[in-house]
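Okay, target-v7.pdb is below, PDB, C-alpha atoms:
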```pdb
ATOM      1  CA  VAL E   1      -2.962  13.592  -6.955
ATOM      2  CA  GLN E   2      -6.204  14.092  -5.070
ATOM      3  CA  LEU E   3      -8.580  11.193  -4.603
ATOM      4  CA  GLN E   4     -12.261  11.431  -3.854
ATOM      5  CA  ALA E   5     -14.214   8.326  -2.956
ATOM      6  CA  PHE E   6     -17.966   8.053  -3.023
ATOM      7  CA  GLY E   7     -20.716   5.482  -3.322
ATOM      8  CA  GLY E   8     -20.965   4.224   0.246
ATOM      9  CA  GLY E   9     -24.209   3.839   2.097
ATOM     10  CA  LEU E  10     -26.508   1.467   3.913
ATOM     11  CA  VAL E  11     -27.226  -1.857   2.260
ATOM     12  CA  GLN E  12     -28.843  -5.088   3.371
ATOM     13  CA  PRO E  13     -26.844  -8.295   3.683
ATOM     14  CA  GLY E  14     -26.508  -9.921   0.297
ATOM     15  CA  GLY E  15     -26.810  -6.613  -1.503
ATOM     16  CA  SER E  16     -24.343  -4.733  -3.680
ATOM     17  CA  LEU E  17     -22.676  -1.353  -3.796
ATOM     18  CA  ARG E  18     -20.224   0.175  -6.214
ATOM     19  CA  LEU E  19     -17.615   2.478  -4.790
ATOM     20  CA  SER E  20     -15.972   4.989  -7.088
ATOM     21  CA  CYS E  21     -12.776   6.924  -6.656
ATOM     22  CA  ALA E  22     -12.119   9.952  -8.828
ATOM     23  CA  ALA E  23      -8.566  11.206  -9.241
ATOM     24  CA  SER E  24      -7.686  14.815  -9.952
ATOM     25  CA  GLY E  25      -4.552  16.895 -10.013
ATOM     26  CA  ARG E  26      -1.400  15.737 -11.709
ATOM     27  CA  ALA E  27      -1.338  13.051 -14.355
ATOM     28  CA  PHE E  28      -2.776   9.807 -13.050
ATOM     29  CA  SER E  29      -1.083   7.438 -15.446
ATOM     30  CA  ASN E  30       1.211   4.790 -14.004
ATOM     31  CA  HIS E  31      -0.446   4.831 -10.631
ATOM     32  CA  ALA E  32      -1.160   1.585  -8.838
ATOM     33  CA  VAL E  33      -4.451   1.791  -6.990
ATOM     34  CA  GLY E  34      -6.257   0.007  -4.222
ATOM     35  CA  TRP E  35      -9.045   0.074  -1.701
ATOM     36  CA  SER E  36      -8.404  -0.043   2.013
ATOM     37  CA  ARG E  37     -10.999  -0.408   4.724
ATOM     38  CA  GLN E  38     -11.171   0.054   8.448
ATOM     39  CA  ALA E  39     -13.884  -1.752  10.334
ATOM     40  CA  PRO E  40     -14.890  -0.663  13.846
ATOM     41  CA  GLY E  41     -12.268  -1.818  16.328
ATOM     42  CA  LYS E  42     -10.055  -3.329  13.636
ATOM     43  CA  GLU E  43      -6.918  -2.304  11.801
ATOM     44  CA  ARG E  44      -7.022  -1.037   8.272
ATOM     45  CA  GLU E  45      -6.540  -3.606   5.567
ATOM     46  CA  ILE E  46      -6.101  -3.520   1.833
ATOM     47  CA  VAL E  47      -9.049  -5.433   0.414
ATOM     48  CA  ALA E  48      -8.241  -5.022  -3.269
ATOM     49  CA  ALA E  49      -5.359  -3.629  -5.287
ATOM     50  CA  ARG E  50      -4.644  -3.219  -8.970
ATOM     51  CA  SER E  51      -1.708  -2.348 -11.141
ATOM     52  CA  TRP E  52      -2.079   0.622 -13.465
ATOM     53  CA  THR E  53      -2.369  -1.616 -16.497
ATOM     54  CA  GLY E  54      -4.827  -3.893 -14.758
ATOM     55  CA  CYS E  55      -2.748  -6.955 -15.549
ATOM     56  CA  SER E  56      -2.134  -7.669 -11.880
ATOM     57  CA  THR E  57      -4.657  -7.645  -9.087
ATOM     58  CA  TYR E  58      -4.781  -8.600  -5.437
ATOM     59  CA  PHE E  59      -7.710  -9.452  -3.213
ATOM     60  CA  ALA E  60      -7.790 -10.094   0.497
ATOM     61  CA  ASN E  61      -9.329 -13.432   1.386
ATOM     62  CA  SER E  62     -12.390 -11.609   2.639
ATOM     63  CA  ALA E  63     -12.887  -9.990  -0.767
ATOM     64  CA  LYS E  64     -12.020 -12.775  -3.181
ATOM     65  CA  GLY E  65     -14.799 -13.537  -5.585
ATOM     66  CA  ARG E  66     -16.965 -10.694  -4.286
ATOM     67  CA  PHE E  67     -15.153  -7.358  -4.802
ATOM     68  CA  PRO E  68     -13.774  -6.943  -8.311
ATOM     69  CA  ILE E  69     -11.635  -3.846  -8.767
ATOM     70  CA  SER E  70     -11.494  -1.987 -12.034
ATOM     71  CA  GLY E  71     -10.235   1.257 -13.428
ATOM     72  CA  ASP E  72     -10.984   3.687 -16.212
ATOM     73  CA  GLY E  73      -7.843   5.619 -17.098
ATOM     74  CA  THR E  74      -9.745   7.938 -19.409
ATOM     75  CA  LYS E  75     -12.121   8.940 -16.656
ATOM     76  CA  ARG E  76      -9.386   8.767 -14.002
ATOM     77  CA  THR E  77     -11.670   6.653 -11.895
ATOM     78  CA  VAL E  78     -11.236   3.457  -9.925
ATOM     79  CA  TYR E  79     -14.146   1.257  -8.961
ATOM     80  CA  LEU E  80     -14.792  -1.366  -6.316
ATOM     81  CA  GLN E  81     -17.869  -3.416  -7.062
ATOM     82  CA  MET E  82     -18.994  -4.917  -3.774
ATOM     83  CA  ASN E  83     -21.265  -7.930  -4.123
ATOM     84  CA  SER E  84     -22.828 -10.358  -1.671
ATOM     85  CA  LEU E  85     -22.176  -7.934   1.137
ATOM     86  CA  LYS E  86     -21.971  -9.181   4.695
ATOM     87  CA  PRO E  87     -22.318  -7.358   8.006
ATOM     88  CA  GLU E  88     -18.589  -7.827   8.544
ATOM     89  CA  ASP E  89     -17.962  -5.691   5.455
ATOM     90  CA  THR E  90     -19.183  -2.706   7.423
ATOM     91  CA  ALA E  91     -16.283  -0.260   7.429
ATOM     92  CA  VAL E  92     -14.938   3.020   6.174
ATOM     93  CA  TYR E  93     -13.470   2.452   2.736
ATOM     94  CA  TYR E  94     -10.570   4.479   1.378
ATOM     95  CA  CYS E  95      -9.180   4.583  -2.112
ATOM     96  CA  VAL E  96      -5.393   4.718  -2.305
ATOM     97  CA  ALA E  97      -2.827   5.242  -5.027
ATOM     98  CA  ARG E  98       0.888   5.488  -5.652
ATOM     99  CA  TRP E  99       3.075   6.017  -8.649
ATOM    100  CA  ASP E 100       4.532   2.896 -10.223
ATOM    101  CA  GLN E 101       7.164   3.342 -12.910
ATOM    102  CA  ILE E 102       6.424   0.206 -14.904
ATOM    103  CA  GLY E 103       2.719   0.165 -14.218
ATOM    104  CA  ARG E 104       2.443  -3.546 -13.670
ATOM    105  CA  ARG E 105       2.675  -3.870  -9.902
ATOM    106  CA  PHE E 106       0.062  -3.844  -7.199
ATOM    107  CA  TYR E 107       0.846  -3.042  -3.584
ATOM    108  CA  VAL E 108      -0.624  -4.647  -0.482
ATOM    109  CA  ASP E 109       1.312  -2.734   2.173
ATOM    110  CA  GLN E 110      -0.634   0.367   3.082
ATOM    111  CA  SER E 111       2.540   2.239   3.929
ATOM    112  CA  GLU E 112       3.507   2.062   0.261
ATOM    113  CA  TYR E 113       0.611   4.256  -0.780
ATOM    114  CA  ASN E 114       1.129   7.983  -0.602
ATOM    115  CA  TYR E 115      -2.218   9.181  -1.905
ATOM    116  CA  TRP E 116      -5.332   8.584   0.138
ATOM    117  CA  GLY E 117      -8.888   9.680  -0.496
ATOM    118  CA  GLN E 118     -11.329  10.582   2.231
ATOM    119  CA  GLY E 119     -13.266   7.591   3.470
ATOM    120  CA  THR E 120     -16.714   6.567   2.425
ATOM    121  CA  HIS E 121     -18.868   4.689   4.916
ATOM    122  CA  VAL E 122     -20.378   1.334   4.090
ATOM    123  CA  THR E 123     -22.889  -0.178   6.486
ATOM    124  CA  VAL E 124     -24.276  -3.643   5.886
ATOM    125  CA  SER E 125     -27.257  -4.244   8.078
ATOM    126  CA  SER E 126     -30.812  -5.480   7.919
TER     127      SER E 126
END
```
Have the structure of the file written as structure tokens, please.
Amino acid sequence: VQLQAFGGGLVQPGGSLRLSCAASGRAFSNHAVGWSRQAPGKEREIVAARSWTGCSTYFANSAKGRFPISGDGTKRTVYLQMNSLKPEDTAVYYCVARWDQIGRRFYVDQSEYNYWGQGTHVTVSS
């Protein structure tokens, strides 16, 4: 599976961005997905994760209520809608995925993901 993330850019505080992650290669069904970010000088963190079926989701405290994660299996695309952006959301964002047999689990440990897209830069600044 190859992942390609796009949609980053410069946005003012309070604004919104939608990140997209397109999957290609082998079949993408039964893959748990997530978005990781690395802010300058900080460790990477999973900000949102989703089971393949979408029945289970996870959000870091920093993302709760602001960053819904969604997926379109037909289009093999995962989205991260980023709302009410803050300067501290400035980071490189990566989409991640891993196969999940049942399709109902999400994963919050980055080491459990074996597919990573290239990062897309998000800068929140006035």
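Taking all atoms listed in the file into account, Cys21 of chain E lies nearest to E:Thr120 out of the set E:Asp89, E:Thr120, E:Gly54, E:Asp100.
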Skipping near chain neighbours, those fewer than 5 positions away, what residues fall within 12 Å of Tyr94 of chain E using all atoms listed in the file, listed as a PDB file with C-alpha atoms, in the frame of the given file?
```
ATOM      1  CA  LEU E   3      -8.580  11.193  -4.603  1.00  0.00           C
ATOM      2  CA  GLN E   4     -12.261  11.431  -3.854  1.00  0.00           C
ATOM      3  CA  ALA E   5     -14.214   8.326  -2.956  1.00  0.00           C
ATOM      4  CA  PHE E   6     -17.966   8.053  -3.023  1.00  0.00           C
ATOM      5  CA  GLY E   7     -20.716   5.482  -3.322  1.00  0.00           C
ATOM      6  CA  GLY E   8     -20.965   4.224   0.246  1.00  0.00           C
ATOM      7  CA  LEU E  19     -17.615   2.478  -4.790  1.00  0.00           C
ATOM      8  CA  SER E  20     -15.972   4.989  -7.088  1.00  0.00           C
ATOM      9  CA  CYS E  21     -12.776   6.924  -6.656  1.00  0.00           C
ATOM     10  CA  ALA E  22     -12.119   9.952  -8.828  1.00  0.00           C
ATOM     11  CA  VAL E  33      -4.451   1.791  -6.990  1.00  0.00           C
ATOM     12  CA  GLY E  34      -6.257   0.007  -4.222  1.00  0.00           C
ATOM     13  CA  TRP E  35      -9.045   0.074  -1.701  1.00  0.00           C
ATOM     14  CA  SER E  36      -8.404  -0.043   2.013  1.00  0.00           C
ATOM     15  CA  ARG E  37     -10.999  -0.408   4.724  1.00  0.00           C
ATOM     16  CA  GLN E  38     -11.171   0.054   8.448  1.00  0.00           C
ATOM     17  CA  ALA E  39     -13.884  -1.752  10.334  1.00  0.00           C
ATOM     18  CA  ARG E  44      -7.022  -1.037   8.272  1.00  0.00           C
ATOM     19  CA  GLU E  45      -6.540  -3.606   5.567  1.00  0.00           C
ATOM     20  CA  ILE E  46      -6.101  -3.520   1.833  1.00  0.00           C
ATOM     21  CA  VAL E  47      -9.049  -5.433   0.414  1.00  0.00           C
ATOM     22  CA  ALA E  48      -8.241  -5.022  -3.269  1.00  0.00           C
ATOM     23  CA  ALA E  49      -5.359  -3.629  -5.287  1.00  0.00           C
ATOM     24  CA  VAL E  78     -11.236   3.457  -9.925  1.00  0.00           C
ATOM     25  CA  TYR E  79     -14.146   1.257  -8.961  1.00  0.00           C
ATOM     26  CA  LEU E  80     -14.792  -1.366  -6.316  1.00  0.00           C
ATOM     27  CA  GLN E 110      -0.634   0.367   3.082  1.00  0.00           C
ATOM     28  CA  TYR E 113       0.611   4.256  -0.780  1.00  0.00           C
ATOM     29  CA  TYR E 115      -2.218   9.181  -1.905  1.00  0.00           C
ATOM     30  CA  TRP E 116      -5.332   8.584   0.138  1.00  0.00           C
ATOM     31  CA  GLY E 117      -8.888   9.680  -0.496  1.00  0.00           C
ATOM     32  CA  GLN E 118     -11.329  10.582   2.231  1.00  0.00           C
ATOM     33  CA  GLY E 119     -13.266   7.591   3.470  1.00  0.00           C
ATOM     34  CA  THR E 120     -16.714   6.567   2.425  1.00  0.00           C
ATOM     35  CA  HIS E 121     -18.868   4.689   4.916  1.00  0.00           C
ATOM     36  CA  VAL E 122     -20.378   1.334   4.090  1.00  0.00           C
TER      37      VAL E 122
END
```
Taking all listed atoms of segment 70-77 of chain E, build the axis-aligned box, pad each of the six sides by 4 Å, then write its centre and edge lengths in Å to one decimal as lines of an AutoDock Vina configuration file.
```
center_x = -10.0
center_y = 3.5
center_z = -15.7
size_x = 12.3
size_y = 18.9
size_z = 15.5
```
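The space between atom CA of Ser84 of chain E and atom CA of Ser70 of chain E spans 17.5 Å.
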> So, counting only C-alpha atoms, which residue among E:Pro40, E:Arg98, E:Val124, E:Pro87 is closest to Leu17 of chain E?
Replying inline: E:Val124
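With all atoms listed in the file as the basis for measurement, E:Asp109 is the residue among E:Asp109, E:Thr74, E:Gln12, E:Trp99 that approaches Tyr58 of chain E most closely.
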>> Between atom CA of Ser51 of chain E and atom CA of Gly14 of chain E, what is the distance in Å, rounded to a tenth?
In response: 28.3 Å
> Which value, in Å to one decimal, gives the distance between atom CA of Glu112 of chain E and atom CA of Asp72 of chain E?
Replying inline: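 Going from atom CA of Glu112 of chain E over to atom CA of Asp72 of chain E covers 22.0 Å.
For the choices E:Leu10, E:His31, E:Ser16, E:Met82, the atom-to-atom distance to Ile102 of chain E is smallest for E:His31 when using only C-alpha atoms.
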> Hey, which of E:Gly15, E:Gly71, E:Gly41, E:Gly103 ends up closest to Asn83 of chain E? Count only C-alpha atoms.
Replying inline: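 Nearest to Asn83 of chain E: E:Gly15.
Each of E:Pro68, E:Lys86, E:Tyr93, E:Phe106 was checked against Ser125 of chain E using all atoms listed in the file; the smallest atom-to-atom distance is that of E:Lys86.
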> Could you write out as a PyMOL selection string the residues that the PyMOL selection byres ((chain E and resi 26) around 12) matches in the shown file?
Replying inline: chain E and resi 1-3+23-25+27-31+76+99+115
